[in-house]
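A.B. asks: Sharing structure22.cif here; it has mmCIF, C-alpha atoms and all ligand atoms.
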```
data_input
loop_
_atom_site.group_PDB
_atom_site.id
_atom_site.type_symbol
_atom_site.label_atom_id
_atom_site.label_comp_id
_atom_site.auth_asym_id
_atom_site.auth_seq_id
_atom_site.Cartn_x
_atom_site.Cartn_y
_atom_site.Cartn_z
ATOM 1 C CA MET R 10 23.805 9.238 -4.365
ATOM 2 C CA THR R 11 21.044 6.951 -5.542
ATOM 3 C CA PHE R 12 21.395 3.567 -3.866
ATOM 4 C CA ALA R 13 17.933 2.090 -4.172
ATOM 5 C CA SER R 14 17.221 1.876 -7.757
ATOM 6 C CA PRO R 15 17.037 -1.201 -9.950
ATOM 7 C CA THR R 16 13.485 -1.109 -11.302
ATOM 8 C CA PRO R 17 11.511 -3.374 -8.998
ATOM 9 C CA GLU R 18 9.717 -6.236 -10.689
ATOM 10 C CA PRO R 19 6.183 -7.270 -9.879
ATOM 11 C CA VAL R 20 5.725 -10.671 -8.295
ATOM 12 C CA LEU R 21 2.492 -11.352 -10.217
ATOM 13 C CA ASP R 22 1.660 -11.284 -13.910
ATOM 14 C CA ARG R 23 -1.847 -9.819 -13.856
ATOM 15 C CA GLN R 24 -2.771 -11.355 -17.237
ATOM 16 C CA CYS R 25 -4.663 -8.157 -18.022
ATOM 17 C CA GLU R 26 -5.535 -9.138 -21.586
ATOM 18 C CA GLN R 27 -6.539 -12.734 -20.869
ATOM 19 C CA ARG R 28 -8.576 -12.106 -17.719
ATOM 20 C CA ASP R 29 -11.246 -10.092 -19.573
ATOM 21 C CA ALA R 30 -12.374 -13.199 -21.485
ATOM 22 C CA PRO R 31 -15.708 -14.621 -20.319
ATOM 23 C CA GLY R 32 -15.160 -17.726 -18.191
ATOM 24 C CA TYR R 33 -11.489 -16.974 -17.437
ATOM 25 C CA LEU R 34 -11.940 -16.710 -13.668
ATOM 26 C CA ALA R 35 -14.341 -19.675 -13.617
ATOM 27 C CA ALA R 36 -11.702 -21.845 -15.319
ATOM 28 C CA VAL R 37 -9.073 -20.770 -12.768
ATOM 29 C CA LEU R 38 -11.453 -21.505 -9.904
ATOM 30 C CA ALA R 39 -12.196 -24.962 -11.365
ATOM 31 C CA SER R 40 -8.500 -25.899 -11.322
ATOM 32 C CA ALA R 41 -7.127 -27.625 -8.232
ATOM 33 C CA SER R 42 -3.792 -25.812 -8.543
ATOM 34 C CA HIS R 43 -4.919 -22.231 -7.883
ATOM 35 C CA ARG R 44 -4.338 -20.692 -4.481
ATOM 36 C CA VAL R 45 -6.567 -18.313 -2.556
ATOM 37 C CA VAL R 46 -6.009 -15.095 -0.607
ATOM 38 C CA LEU R 47 -8.869 -14.235 1.769
ATOM 39 C CA PHE R 48 -9.974 -10.777 2.894
ATOM 40 C CA HIS R 49 -12.557 -9.885 5.511
ATOM 41 C CA ARG R 50 -13.341 -6.403 6.846
ATOM 42 C CA GLY R 51 -10.100 -4.903 5.498
ATOM 43 C CA LYS R 52 -7.884 -7.651 6.868
ATOM 44 C CA ALA R 53 -6.090 -10.506 5.113
ATOM 45 C CA LEU R 54 -5.836 -14.035 6.424
ATOM 46 C CA LEU R 55 -2.244 -14.707 7.474
ATOM 47 C CA GLN R 56 -0.574 -18.043 8.122
ATOM 48 C CA GLY R 57 2.259 -17.665 10.573
ATOM 49 C CA SER R 58 3.756 -14.257 9.776
ATOM 50 C CA GLY R 59 3.174 -14.558 6.020
ATOM 51 C CA LEU R 60 0.189 -13.991 3.794
ATOM 52 C CA GLY R 61 -1.940 -17.178 3.630
ATOM 53 C CA TYR R 62 -2.159 -18.876 0.219
ATOM 54 C CA PHE R 63 -4.892 -21.439 0.706
ATOM 55 C CA ASP R 64 -5.489 -24.635 -1.240
ATOM 56 C CA PRO R 65 -9.128 -24.491 -2.386
ATOM 57 C CA ALA R 66 -9.541 -27.970 -0.845
ATOM 58 C CA GLU R 67 -8.997 -26.333 2.584
ATOM 59 C CA LEU R 68 -11.968 -23.999 2.053
ATOM 60 C CA PRO R 69 -15.717 -24.708 2.150
ATOM 61 C CA GLU R 70 -17.155 -25.801 -1.203
ATOM 62 C CA VAL R 71 -19.637 -22.936 -0.994
ATOM 63 C CA LEU R 72 -18.230 -19.627 0.209
ATOM 64 C CA PRO R 73 -20.445 -17.173 2.157
ATOM 65 C CA ALA R 74 -23.172 -15.570 0.012
ATOM 66 C CA GLY R 75 -21.973 -12.263 -1.428
ATOM 67 C CA THR R 76 -18.300 -13.245 -1.634
ATOM 68 C CA THR R 77 -16.560 -11.377 -4.486
ATOM 69 C CA SER R 78 -13.787 -13.220 -6.326
ATOM 70 C CA VAL R 79 -10.964 -11.470 -8.180
ATOM 71 C CA PHE R 80 -8.157 -12.926 -10.295
ATOM 72 C CA LEU R 81 -4.958 -11.403 -8.871
ATOM 73 C CA GLY R 82 -2.436 -12.891 -11.278
ATOM 74 C CA GLN R 83 0.101 -15.633 -11.930
ATOM 75 C CA VAL R 84 3.299 -15.973 -9.931
ATOM 76 C CA ARG R 85 6.157 -14.757 -12.154
ATOM 77 C CA PRO R 86 9.397 -16.712 -12.309
ATOM 78 C CA GLY R 87 12.483 -15.507 -10.511
ATOM 79 C CA GLN R 88 10.757 -13.300 -7.937
ATOM 80 C CA GLY R 89 11.463 -15.496 -4.904
ATOM 81 C CA HIS R 90 7.804 -16.073 -4.208
ATOM 82 C CA PRO R 91 7.065 -19.103 -2.015
ATOM 83 C CA LEU R 92 4.498 -20.515 -4.485
ATOM 84 C CA PRO R 93 5.568 -22.372 -7.665
ATOM 85 C CA ASP R 94 6.045 -20.258 -10.801
ATOM 86 C CA GLY R 95 2.829 -19.899 -12.774
ATOM 87 C CA THR R 96 0.491 -20.479 -9.806
ATOM 88 C CA ASP R 97 -2.809 -18.635 -10.310
ATOM 89 C CA LEU R 98 -3.807 -16.494 -7.331
ATOM 90 C CA VAL R 99 -7.433 -15.624 -6.602
ATOM 91 C CA LEU R 100 -8.757 -13.200 -4.004
ATOM 92 C CA HIS R 101 -12.015 -13.949 -2.201
ATOM 93 C CA VAL R 102 -13.467 -10.855 -0.508
ATOM 94 C CA LEU R 103 -15.884 -12.053 2.163
ATOM 95 C CA PRO R 104 -18.875 -9.784 2.806
ATOM 96 C CA ASN R 105 -18.547 -7.559 5.873
ATOM 97 C CA ASP R 106 -21.559 -9.250 7.499
ATOM 98 C CA THR R 107 -19.966 -12.718 7.410
ATOM 99 C CA GLU R 108 -20.055 -13.917 11.029
ATOM 100 C CA ASN R 109 -19.254 -17.620 10.771
ATOM 101 C CA LEU R 110 -15.540 -18.066 10.144
ATOM 102 C CA ASP R 111 -15.248 -21.458 11.911
ATOM 103 C CA TRP R 112 -13.932 -22.989 8.697
ATOM 104 C CA VAL R 113 -10.836 -20.804 8.651
ATOM 105 C CA PRO R 114 -7.757 -23.058 9.111
ATOM 106 C CA GLY R 115 -6.670 -23.180 12.748
ATOM 107 C CA ASP R 116 -3.166 -21.737 12.355
ATOM 108 C CA SER R 117 -4.333 -18.604 10.568
ATOM 109 C CA ALA R 118 -5.598 -15.192 11.664
ATOM 110 C CA PHE R 119 -6.848 -12.009 9.979
ATOM 111 C CA ALA R 120 -4.561 -8.960 10.175
ATOM 112 C CA GLY R 121 -4.466 -5.469 8.692
ATOM 113 C CA TYR R 122 -1.571 -4.252 6.556
ATOM 114 C CA ARG R 123 -0.011 -2.002 9.178
ATOM 115 C CA ASP R 124 0.147 -4.863 11.680
ATOM 116 C CA ALA R 125 1.368 -7.405 9.142
ATOM 117 C CA ALA R 126 3.761 -5.358 7.009
ATOM 118 C CA GLN R 127 6.900 -5.529 9.146
ATOM 119 C CA GLU R 128 6.997 -9.316 8.868
ATOM 120 C CA LEU R 129 5.875 -9.732 5.267
ATOM 121 C CA HIS R 130 8.203 -10.743 2.460
ATOM 122 C CA LYS R 131 8.350 -8.243 -0.393
ATOM 123 C CA GLY R 132 6.229 -10.477 -2.632
ATOM 124 C CA ASP R 133 3.632 -10.984 0.106
ATOM 125 C CA ALA R 134 3.469 -7.228 0.652
ATOM 126 C CA GLN R 135 2.784 -6.588 -3.043
ATOM 127 C CA VAL R 136 0.005 -9.175 -3.159
ATOM 128 C CA PHE R 137 -1.483 -7.872 0.111
ATOM 129 C CA ILE R 138 -1.580 -4.283 -1.186
ATOM 130 C CA GLN R 139 -3.088 -5.301 -4.534
ATOM 131 C CA ALA R 140 -5.690 -7.488 -2.848
ATOM 132 C CA GLN R 141 -6.645 -4.855 -0.286
ATOM 133 C CA ALA R 142 -6.915 -2.074 -2.856
ATOM 134 C CA VAL R 143 -9.279 -4.041 -5.093
ATOM 135 C CA ALA R 144 -11.204 -5.438 -2.102
ATOM 136 C CA ASN R 145 -11.745 -1.916 -0.724
ATOM 137 C CA TRP R 146 -13.015 -0.811 -4.121
ATOM 138 C CA HIS R 147 -15.512 -3.672 -4.466
ATOM 139 C CA LEU R 148 -16.897 -3.115 -0.973
ATOM 140 C CA SER R 149 -17.450 0.604 -1.544
ATOM 141 C CA HIS R 150 -18.624 0.531 -5.191
ATOM 142 C CA THR R 151 -21.510 -1.914 -5.198
ATOM 143 C CA HIS R 152 -23.874 0.357 -7.152
ATOM 144 C CA CYS R 153 -23.711 2.268 -10.415
ATOM 145 C CA PRO R 154 -22.706 5.906 -9.732
ATOM 146 C CA ARG R 155 -24.868 7.054 -12.673
ATOM 147 C CA CYS R 156 -28.181 5.362 -11.934
ATOM 148 C CA GLY R 157 -27.895 3.548 -8.613
ATOM 149 C CA THR R 158 -28.474 0.044 -9.996
ATOM 150 C CA PRO R 159 -26.487 -2.711 -8.283
ATOM 151 C CA THR R 160 -23.480 -3.491 -10.495
ATOM 152 C CA GLU R 161 -22.224 -6.903 -11.601
ATOM 153 C CA VAL R 162 -18.674 -8.144 -11.328
ATOM 154 C CA GLU R 163 -17.022 -8.713 -14.731
ATOM 155 C CA ALA R 164 -13.564 -9.239 -16.242
ATOM 156 C CA SER R 165 -12.390 -11.614 -13.497
ATOM 157 C CA GLY R 166 -13.151 -9.001 -10.842
ATOM 158 C CA TRP R 167 -11.547 -5.945 -12.520
ATOM 159 C CA VAL R 168 -14.718 -4.285 -13.812
ATOM 160 C CA ARG R 169 -18.162 -3.677 -12.340
ATOM 161 C CA GLY R 170 -20.800 -3.267 -15.029
ATOM 162 C CA CYS R 171 -24.268 -1.715 -14.908
ATOM 163 C CA ALA R 172 -26.849 -3.825 -16.763
ATOM 164 C CA LYS R 173 -29.279 -0.892 -16.915
ATOM 165 C CA ASP R 174 -27.191 1.771 -18.679
ATOM 166 C CA GLY R 175 -24.253 -0.348 -19.878
ATOM 167 C CA SER R 176 -21.631 1.710 -18.043
ATOM 168 C CA GLU R 177 -18.407 0.068 -16.898
ATOM 169 C CA HIS R 178 -16.588 0.971 -13.694
ATOM 170 C CA PHE R 179 -12.955 0.246 -12.918
ATOM 171 C CA PRO R 180 -11.020 0.018 -9.636
ATOM 172 C CA ARG R 181 -9.891 3.482 -8.603
ATOM 173 C CA THR R 182 -6.394 4.532 -7.669
ATOM 174 C CA ASP R 183 -6.020 7.766 -5.711
ATOM 175 C CA PRO R 184 -2.731 9.629 -6.325
ATOM 176 C CA ALA R 185 -0.937 10.974 -3.301
ATOM 177 C CA VAL R 186 2.433 12.664 -2.869
ATOM 178 C CA ILE R 187 5.000 11.934 -0.196
ATOM 179 C CA VAL R 188 8.036 14.138 0.228
ATOM 180 C CA ALA R 189 11.355 13.990 2.044
ATOM 181 C CA ILE R 190 12.153 17.679 2.633
ATOM 182 C CA VAL R 191 15.835 18.576 2.437
ATOM 183 C CA GLY R 192 17.213 21.949 3.500
ATOM 184 C CA ALA R 193 20.026 24.021 2.021
ATOM 185 C CA ASP R 194 22.399 22.654 4.680
ATOM 186 C CA GLY R 195 21.610 19.030 3.712
ATOM 187 C CA ARG R 196 19.490 18.224 6.768
ATOM 188 C CA ILE R 197 16.084 16.515 6.460
ATOM 189 C CA LEU R 198 12.835 17.916 7.899
ATOM 190 C CA LEU R 199 10.636 15.176 9.337
ATOM 191 C CA ALA R 200 7.199 15.579 10.859
ATOM 192 C CA ASN R 201 5.426 14.100 13.842
ATOM 193 C CA ASN R 202 1.676 13.684 13.406
ATOM 194 C CA PHE R 203 -0.904 13.872 16.168
ATOM 195 C CA ALA R 204 -2.024 10.356 15.164
ATOM 196 C CA TRP R 205 1.370 8.897 16.109
ATOM 197 C CA GLU R 206 3.500 8.369 19.224
ATOM 198 C CA GLU R 207 5.380 11.574 20.098
ATOM 199 C CA ASN R 208 8.785 10.195 19.078
ATOM 200 C CA ARG R 209 7.703 8.988 15.613
ATOM 201 C CA TYR R 210 8.953 11.055 12.675
ATOM 202 C CA SER R 211 8.279 10.633 8.992
ATOM 203 C CA THR R 212 7.994 12.287 5.627
ATOM 204 C CA VAL R 213 4.971 14.455 4.821
ATOM 205 C CA ALA R 214 2.206 13.136 2.566
ATOM 206 C CA GLY R 215 -1.119 14.220 1.160
ATOM 207 C CA PHE R 216 -3.574 13.528 -1.630
ATOM 208 C CA VAL R 217 -3.356 15.210 -5.011
ATOM 209 C CA GLU R 218 -6.534 17.164 -5.711
ATOM 210 C CA ALA R 219 -8.647 16.942 -8.862
ATOM 211 C CA GLY R 220 -6.994 18.859 -11.699
ATOM 212 C CA GLU R 221 -3.686 19.292 -9.881
ATOM 213 C CA SER R 222 -0.250 18.011 -10.943
ATOM 214 C CA ALA R 223 1.676 15.837 -8.502
ATOM 215 C CA GLU R 224 4.339 18.560 -8.236
ATOM 216 C CA ASP R 225 1.806 21.287 -7.447
ATOM 217 C CA GLY R 226 0.178 18.972 -4.898
ATOM 218 C CA ALA R 227 3.535 18.320 -3.237
ATOM 219 C CA VAL R 228 4.387 22.043 -2.947
ATOM 220 C CA ARG R 229 0.890 22.813 -1.597
ATOM 221 C CA GLU R 230 0.811 19.984 0.940
ATOM 222 C CA ILE R 231 4.276 20.772 2.304
ATOM 223 C CA ALA R 232 3.413 24.465 2.676
ATOM 224 C CA GLU R 233 0.130 23.590 4.428
ATOM 225 C CA GLU R 234 1.467 20.972 6.809
ATOM 226 C CA VAL R 235 4.932 22.199 7.788
ATOM 227 C CA GLY R 236 5.058 25.754 6.413
ATOM 228 C CA VAL R 237 8.092 25.571 4.141
ATOM 229 C CA HIS R 238 8.272 26.371 0.427
ATOM 230 C CA LEU R 239 9.827 23.791 -1.907
ATOM 231 C CA HIS R 240 11.803 25.337 -4.751
ATOM 232 C CA SER R 241 12.543 22.043 -6.543
ATOM 233 C CA LEU R 242 11.485 18.413 -6.563
ATOM 234 C CA GLU R 243 13.172 15.175 -7.609
ATOM 235 C CA TYR R 244 10.923 12.226 -8.367
ATOM 236 C CA ILE R 245 12.273 9.072 -6.690
ATOM 237 C CA GLY R 246 9.627 6.371 -7.188
ATOM 238 C CA SER R 247 6.146 5.220 -6.269
ATOM 239 C CA GLN R 248 4.438 2.658 -4.075
ATOM 240 C CA ALA R 249 0.881 1.391 -4.065
ATOM 241 C CA TRP R 250 -0.572 1.840 -0.588
ATOM 242 C CA PRO R 251 -3.805 0.285 0.606
ATOM 243 C CA PHE R 252 -5.328 3.203 2.593
ATOM 244 C CA PRO R 253 -7.721 3.152 0.950
ATOM 245 C CA ARG R 254 -6.279 2.495 -2.538
ATOM 246 C CA SER R 255 -3.582 5.112 -3.012
ATOM 247 C CA LEU R 256 -0.579 5.441 -5.262
ATOM 248 C CA MET R 257 2.124 7.235 -3.295
ATOM 249 C CA LEU R 258 4.381 9.300 -5.583
ATOM 250 C CA GLY R 259 7.652 9.822 -3.747
ATOM 251 C CA PHE R 260 9.795 12.943 -4.081
ATOM 252 C CA ILE R 261 12.764 14.584 -2.476
ATOM 253 C CA GLY R 262 11.860 18.258 -2.146
ATOM 254 C CA HIS R 263 14.380 21.037 -1.613
ATOM 255 C CA THR R 264 13.767 24.188 0.408
ATOM 256 C CA ASN R 265 15.782 27.225 1.472
ATOM 257 C CA ASP R 266 13.461 27.845 4.415
ATOM 258 C CA ILE R 267 14.757 27.046 7.876
ATOM 259 C CA ASP R 268 11.808 27.797 10.140
ATOM 260 C CA ALA R 269 9.119 25.138 9.953
ATOM 261 C CA ALA R 270 5.571 25.854 11.095
ATOM 262 C CA PRO R 271 3.565 22.697 11.908
ATOM 263 C CA ASP R 272 -0.112 23.156 11.053
ATOM 264 C CA ASN R 273 -1.238 21.968 14.531
ATOM 265 C CA VAL R 274 -4.062 20.101 12.811
ATOM 266 C CA GLU R 275 -2.320 17.022 11.418
ATOM 267 C CA VAL R 276 1.268 17.817 12.306
ATOM 268 C CA ARG R 277 2.278 18.240 15.957
ATOM 269 C CA ALA R 278 5.970 18.958 15.367
ATOM 270 C CA ALA R 279 8.560 19.221 12.621
ATOM 271 C CA ARG R 280 12.227 18.665 13.291
ATOM 272 C CA TRP R 281 15.442 18.950 11.295
ATOM 273 C CA PHE R 282 17.879 16.056 11.486
ATOM 274 C CA GLY R 283 21.442 15.731 10.187
ATOM 275 C CA ARG R 284 22.438 12.247 8.995
ATOM 276 C CA GLU R 285 24.431 11.201 12.034
ATOM 277 C CA GLU R 286 21.912 12.853 14.353
ATOM 278 C CA LEU R 287 19.038 10.827 12.855
ATOM 279 C CA GLN R 288 20.963 7.544 12.995
ATOM 280 C CA GLN R 289 21.855 8.117 16.643
ATOM 281 C CA ALA R 290 18.299 9.164 17.531
ATOM 282 C CA VAL R 291 16.888 5.990 15.961
ATOM 283 C CA LEU R 292 19.435 3.756 17.714
ATOM 284 C CA SER R 293 18.780 5.379 21.092
ATOM 285 C CA GLY R 294 15.001 5.212 20.664
ATOM 286 C CA GLU R 295 14.688 8.997 20.874
ATOM 287 C CA ALA R 296 13.174 8.903 17.394
ATOM 288 C CA ALA R 297 11.343 6.150 15.503
ATOM 289 C CA ILE R 298 11.007 6.256 11.724
ATOM 290 C CA SER R 299 8.788 4.451 9.197
ATOM 291 C CA HIS R 300 9.285 0.714 8.671
ATOM 292 C CA ARG R 301 11.333 -0.752 5.844
ATOM 293 C CA GLN R 302 8.395 -1.770 3.640
ATOM 294 C CA SER R 303 7.273 1.851 3.272
ATOM 295 C CA ILE R 304 8.163 4.405 0.640
ATOM 296 C CA ALA R 305 8.669 6.891 3.487
ATOM 297 C CA ARG R 306 11.630 4.792 4.618
ATOM 298 C CA THR R 307 12.931 4.528 1.048
ATOM 299 C CA LEU R 308 12.864 8.321 0.713
ATOM 300 C CA ILE R 309 14.571 8.866 4.071
ATOM 301 C CA GLU R 310 17.270 6.333 3.160
ATOM 302 C CA GLU R 311 17.655 7.877 -0.306
ATOM 303 C CA TRP R 312 18.534 11.117 1.488
ATOM 304 C CA TYR R 313 20.655 9.307 4.088
ATOM 305 C CA GLY R 314 22.646 7.440 1.444
ATOM 306 C CA GLY R 315 22.077 3.875 2.659
ATOM 307 C CA PRO R 316 20.199 1.747 5.173
ATOM 308 C CA ILE R 317 19.494 3.290 8.581
ATOM 309 C CA LEU R 318 20.157 0.868 11.425
ATOM 310 C CA GLU R 319 17.528 0.155 14.044
ATOM 311 C CA PRO R 320 17.970 -1.010 17.629
ATOM 312 C CA GLY R 321 18.527 -4.771 17.390
ATOM 313 C CA ASP R 322 20.198 -4.678 13.957
ATOM 314 C CA ASN R 323 23.692 -6.086 13.778
ATOM 315 C CA ALA R 324 25.881 -3.138 12.929
HETATM 316 ZN ZN ZN Y 401 -26.230 2.442 -14.184
#
```
Will you turn the file into structure tokens for me?
Ligand SMILES: [Zn+2]
C.D. replies:
Amino acid sequence: MTFASPTPEPVLDRQCEQRDAPGYLAAVLASASHRVVLFHRGKALLQGSGLGYFDPAELPEVLPAGTTSVFLGQVRPGQGHPLPDGTDLVLHVLPNDTENLDWVPGDSAFAGYRDAAQELHKGDAQVFIQAQAVANWHLSHTHCPRCGTPTEVEASGWVRGCAKDGSEHFPRTDPAVIVAIVGADGRILLANNFAWEENRYSTVAGFVEAGESAEDGAVREIAEEVGVHLHSLEYIGSQAWPFPRSLMLGFIGHTNDIDAAPDNVEVRAARWFGREELQQAVLSGEAAISHRQSIARTLIEEWYGGPILEPGDNA
């Protein structure tokens, strides 16, 4: 019943061993052929509906004071990325207090991931998520957590070092679990959160706590949020997610419980859907489900057995 599953390939080669060398990022920045992704206040600069990859000649020679630069990677061959194979990509994270953005090219605009994701190519989405995760980390980890000294950016943007005590700090990834709950009769239990429109349904997710396995976290979160007990879990796959820098571990979880009990804190309602019932509800607009770039959608379609059509799709 698995339909989704050739191992996805990354669009960028992160050059993890090379980028630690002193001067690596400076040499990339000195080359005319690198391209730049820009972030400001949690949003990326888009051109048209795609992520903007700017020629350094289009940017000011001196970027705003406090800009943090990060080497993202080299475009890998055969991934369908719009840039030539081997292009070096650099992220510039503009400081939050940057006010003057007059130099930004006229046909571009900043957008957050949720607003941009529906239109992004797969490769753009990967670069956006990577860039946002590391940008979020830099903006919130400016000082040494041991001694409070301002840290310095090292290793092409992948380490912050403390000159006072010599400690090194790395970008954090926060594990989270996301679960498509399937009942004994084969139906799926989807939840509606208070933060969403009342007809939006999705899988249930939550962060793994310190010292907890992903499986234990999944069973705990599902019991807390929708009140059913999972007796078994199948791991399906993972997706990096930029809020704020999560790694979503996706499962299908099986339960024998029938009565769901929304927590009334995060979850407003939980509803069982059969396959045909969900497809019809999506087509009629009675229910909306997560967009196609999300692991939530992947999990729902893993259960469904193929792509779920949306209003406007050609059947
Ligand atoms: Zn320190």
A.B. asks: Considering all atoms listed in the file, return as a list in words whatever protein or nucleic-acid residues lie within 10 Å of Pro184 in chain R, sequence-local ones (same chain, fewer than 5 positions apart) excluded.
C.D. replies: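 My reading of the contact set: Gly215, Phe216, Val217, Glu218, Ala219, Ser222, Ala223, Gly226, Ser247, Ala249, Trp250, Arg254, Ser255, Leu256, Met257 and Leu258 of chain R.
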A.B. asks: For C-alpha atoms, I'd like the residues from the last selection saved as a CSV table (one decimal), in the coordinates of the input.
C.D. replies:
```
chain,number,residue,atom,x,y,z
R,215,GLY,CA,-1.1,14.2,1.2
R,216,PHE,CA,-3.6,13.5,-1.6
R,217,VAL,CA,-3.4,15.2,-5.0
R,218,GLU,CA,-6.5,17.2,-5.7
R,219,ALA,CA,-8.6,16.9,-8.9
R,222,SER,CA,-0.2,18.0,-10.9
R,223,ALA,CA,1.7,15.8,-8.5
R,226,GLY,CA,0.2,19.0,-4.9
R,247,SER,CA,6.1,5.2,-6.3
R,249,ALA,CA,0.9,1.4,-4.1
R,250,TRP,CA,-0.6,1.8,-0.6
R,254,ARG,CA,-6.3,2.5,-2.5
R,255,SER,CA,-3.6,5.1,-3.0
R,256,LEU,CA,-0.6,5.4,-5.3
R,257,MET,CA,2.1,7.2,-3.3
R,258,LEU,CA,4.4,9.3,-5.6
```
A.B. asks: One decimal, in Å: what's the spacing between CA of Asn109 in chain R and CA of Phe48 in chain R?
C.D. replies: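 Rounded to one decimal, the two atoms are 14.0 Å apart.
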A.B. asks: Set the distance at 9 Å and use all atoms listed in the file: which residues neighbour range 82-88 of chain R once local chain neighbours fewer than 4 positions away are removed? I'd like the list as a ChimeraX atom specification.
C.D. replies: /R:18-25,28,92-99,132
A.B. asks: To one decimal in Å, tell me the separation between CA of Thr264 in chain R and CA of His240 in chain R.
C.D. replies: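 Taking CA of Thr264 in chain R as the start and CA of His240 in chain R as the end point, the length is 5.6 Å.
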A.B. asks: Could you work out how far CA of Glu177 in chain R lies from CA of Cys156 in chain R, giving the answer in Å with one decimal?
C.D. replies: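 We find that CA of Cys156 in chain R and CA of Glu177 in chain R lie 12.2 Å from each other.
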A.B. asks: Around ligand ZN 401 (chain Y), at most 9 Å away and counting only C-alpha atoms and all ligand atoms, which residues are there? Put them as a CSV table (one decimal) with C-alpha atoms, in the frame of the given file, please.
C.D. replies:
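Contents of out_30.csv, as written:
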```
chain,number,residue,atom,x,y,z
R,152,HIS,CA,-23.9,0.4,-7.2
R,153,CYS,CA,-23.7,2.3,-10.4
R,154,PRO,CA,-22.7,5.9,-9.7
R,155,ARG,CA,-24.9,7.1,-12.7
R,156,CYS,CA,-28.2,5.4,-11.9
R,157,GLY,CA,-27.9,3.5,-8.6
R,158,THR,CA,-28.5,0.0,-10.0
R,159,PRO,CA,-26.5,-2.7,-8.3
R,160,THR,CA,-23.5,-3.5,-10.5
R,170,GLY,CA,-20.8,-3.3,-15.0
R,171,CYS,CA,-24.3,-1.7,-14.9
R,172,ALA,CA,-26.8,-3.8,-16.8
R,173,LYS,CA,-29.3,-0.9,-16.9
R,174,ASP,CA,-27.2,1.8,-18.7
R,175,GLY,CA,-24.3,-0.3,-19.9
R,176,SER,CA,-21.6,1.7,-18.0
R,177,GLU,CA,-18.4,0.1,-16.9
```
A.B. asks: Select, from R:Asp133, R:Glu26, R:Glu286, R:Glu310, the residue with the minimum atom-to-atom distance to Ala164 in chain R, counting only C-alpha atoms.
C.D. replies: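 Using only C-alpha atoms, Ala164 in chain R sits closest to R:Glu26.
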A.B. asks: As a PDB file, in the frame of the given file, could you write out range 150-160 of chain R once it has been completed with N, CA, C and O atoms?
C.D. replies:
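Generated file (part_34.pdb):
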```pdb
ATOM      1  N   HIS R 150     -18.070   0.157  -3.878  1.00  0.00           N
ATOM      2  CA  HIS R 150     -18.624   0.531  -5.191  1.00  0.00           C
ATOM      3  C   HIS R 150     -19.598  -0.532  -5.689  1.00  0.00           C
ATOM      4  O   HIS R 150     -19.449  -1.069  -6.777  1.00  0.00           O
ATOM      5  N   THR R 151     -20.571  -0.824  -4.883  1.00  0.00           N
ATOM      6  CA  THR R 151     -21.510  -1.914  -5.198  1.00  0.00           C
ATOM      7  C   THR R 151     -22.609  -1.481  -6.165  1.00  0.00           C
ATOM      8  O   THR R 151     -23.288  -2.323  -6.730  1.00  0.00           O
ATOM      9  N   HIS R 152     -22.783  -0.152  -6.330  1.00  0.00           N
ATOM     10  CA  HIS R 152     -23.874   0.357  -7.152  1.00  0.00           C
ATOM     11  C   HIS R 152     -23.348   1.296  -8.233  1.00  0.00           C
ATOM     12  O   HIS R 152     -22.310   1.935  -8.064  1.00  0.00           O
ATOM     13  N   CYS R 153     -24.095   1.396  -9.319  1.00  0.00           N
ATOM     14  CA  CYS R 153     -23.711   2.268 -10.415  1.00  0.00           C
ATOM     15  C   CYS R 153     -23.775   3.730  -9.963  1.00  0.00           C
ATOM     16  O   CYS R 153     -24.809   4.180  -9.461  1.00  0.00           O
ATOM     17  N   PRO R 154     -22.680   4.504 -10.152  1.00  0.00           N
ATOM     18  CA  PRO R 154     -22.706   5.906  -9.732  1.00  0.00           C
ATOM     19  C   PRO R 154     -23.597   6.774 -10.616  1.00  0.00           C
ATOM     20  O   PRO R 154     -23.953   7.884 -10.225  1.00  0.00           O
ATOM     21  N   ARG R 155     -23.990   6.258 -11.804  1.00  0.00           N
ATOM     22  CA  ARG R 155     -24.868   7.054 -12.673  1.00  0.00           C
ATOM     23  C   ARG R 155     -26.331   6.876 -12.316  1.00  0.00           C
ATOM     24  O   ARG R 155     -27.094   7.835 -12.317  1.00  0.00           O
ATOM     25  N   CYS R 156     -26.749   5.610 -12.080  1.00  0.00           N
ATOM     26  CA  CYS R 156     -28.181   5.362 -11.934  1.00  0.00           C
ATOM     27  C   CYS R 156     -28.554   4.609 -10.668  1.00  0.00           C
ATOM     28  O   CYS R 156     -29.742   4.394 -10.413  1.00  0.00           O
ATOM     29  N   GLY R 157     -27.586   4.176  -9.886  1.00  0.00           N
ATOM     30  CA  GLY R 157     -27.895   3.548  -8.613  1.00  0.00           C
ATOM     31  C   GLY R 157     -28.236   2.069  -8.670  1.00  0.00           C
ATOM     32  O   GLY R 157     -28.493   1.449  -7.632  1.00  0.00           O
ATOM     33  N   THR R 158     -28.189   1.478  -9.866  1.00  0.00           N
ATOM     34  CA  THR R 158     -28.474   0.044  -9.996  1.00  0.00           C
ATOM     35  C   THR R 158     -27.309  -0.764  -9.426  1.00  0.00           C
ATOM     36  O   THR R 158     -26.156  -0.388  -9.636  1.00  0.00           O
ATOM     37  N   PRO R 159     -27.603  -1.864  -8.724  1.00  0.00           N
ATOM     38  CA  PRO R 159     -26.487  -2.711  -8.283  1.00  0.00           C
ATOM     39  C   PRO R 159     -25.661  -3.183  -9.489  1.00  0.00           C
ATOM     40  O   PRO R 159     -26.226  -3.586 -10.504  1.00  0.00           O
ATOM     41  N   THR R 160     -24.349  -3.106  -9.376  1.00  0.00           N
ATOM     42  CA  THR R 160     -23.480  -3.491 -10.495  1.00  0.00           C
ATOM     43  C   THR R 160     -23.091  -4.963 -10.385  1.00  0.00           C
ATOM     44  O   THR R 160     -23.183  -5.568  -9.315  1.00  0.00           O
TER      45      THR R 160
END
```
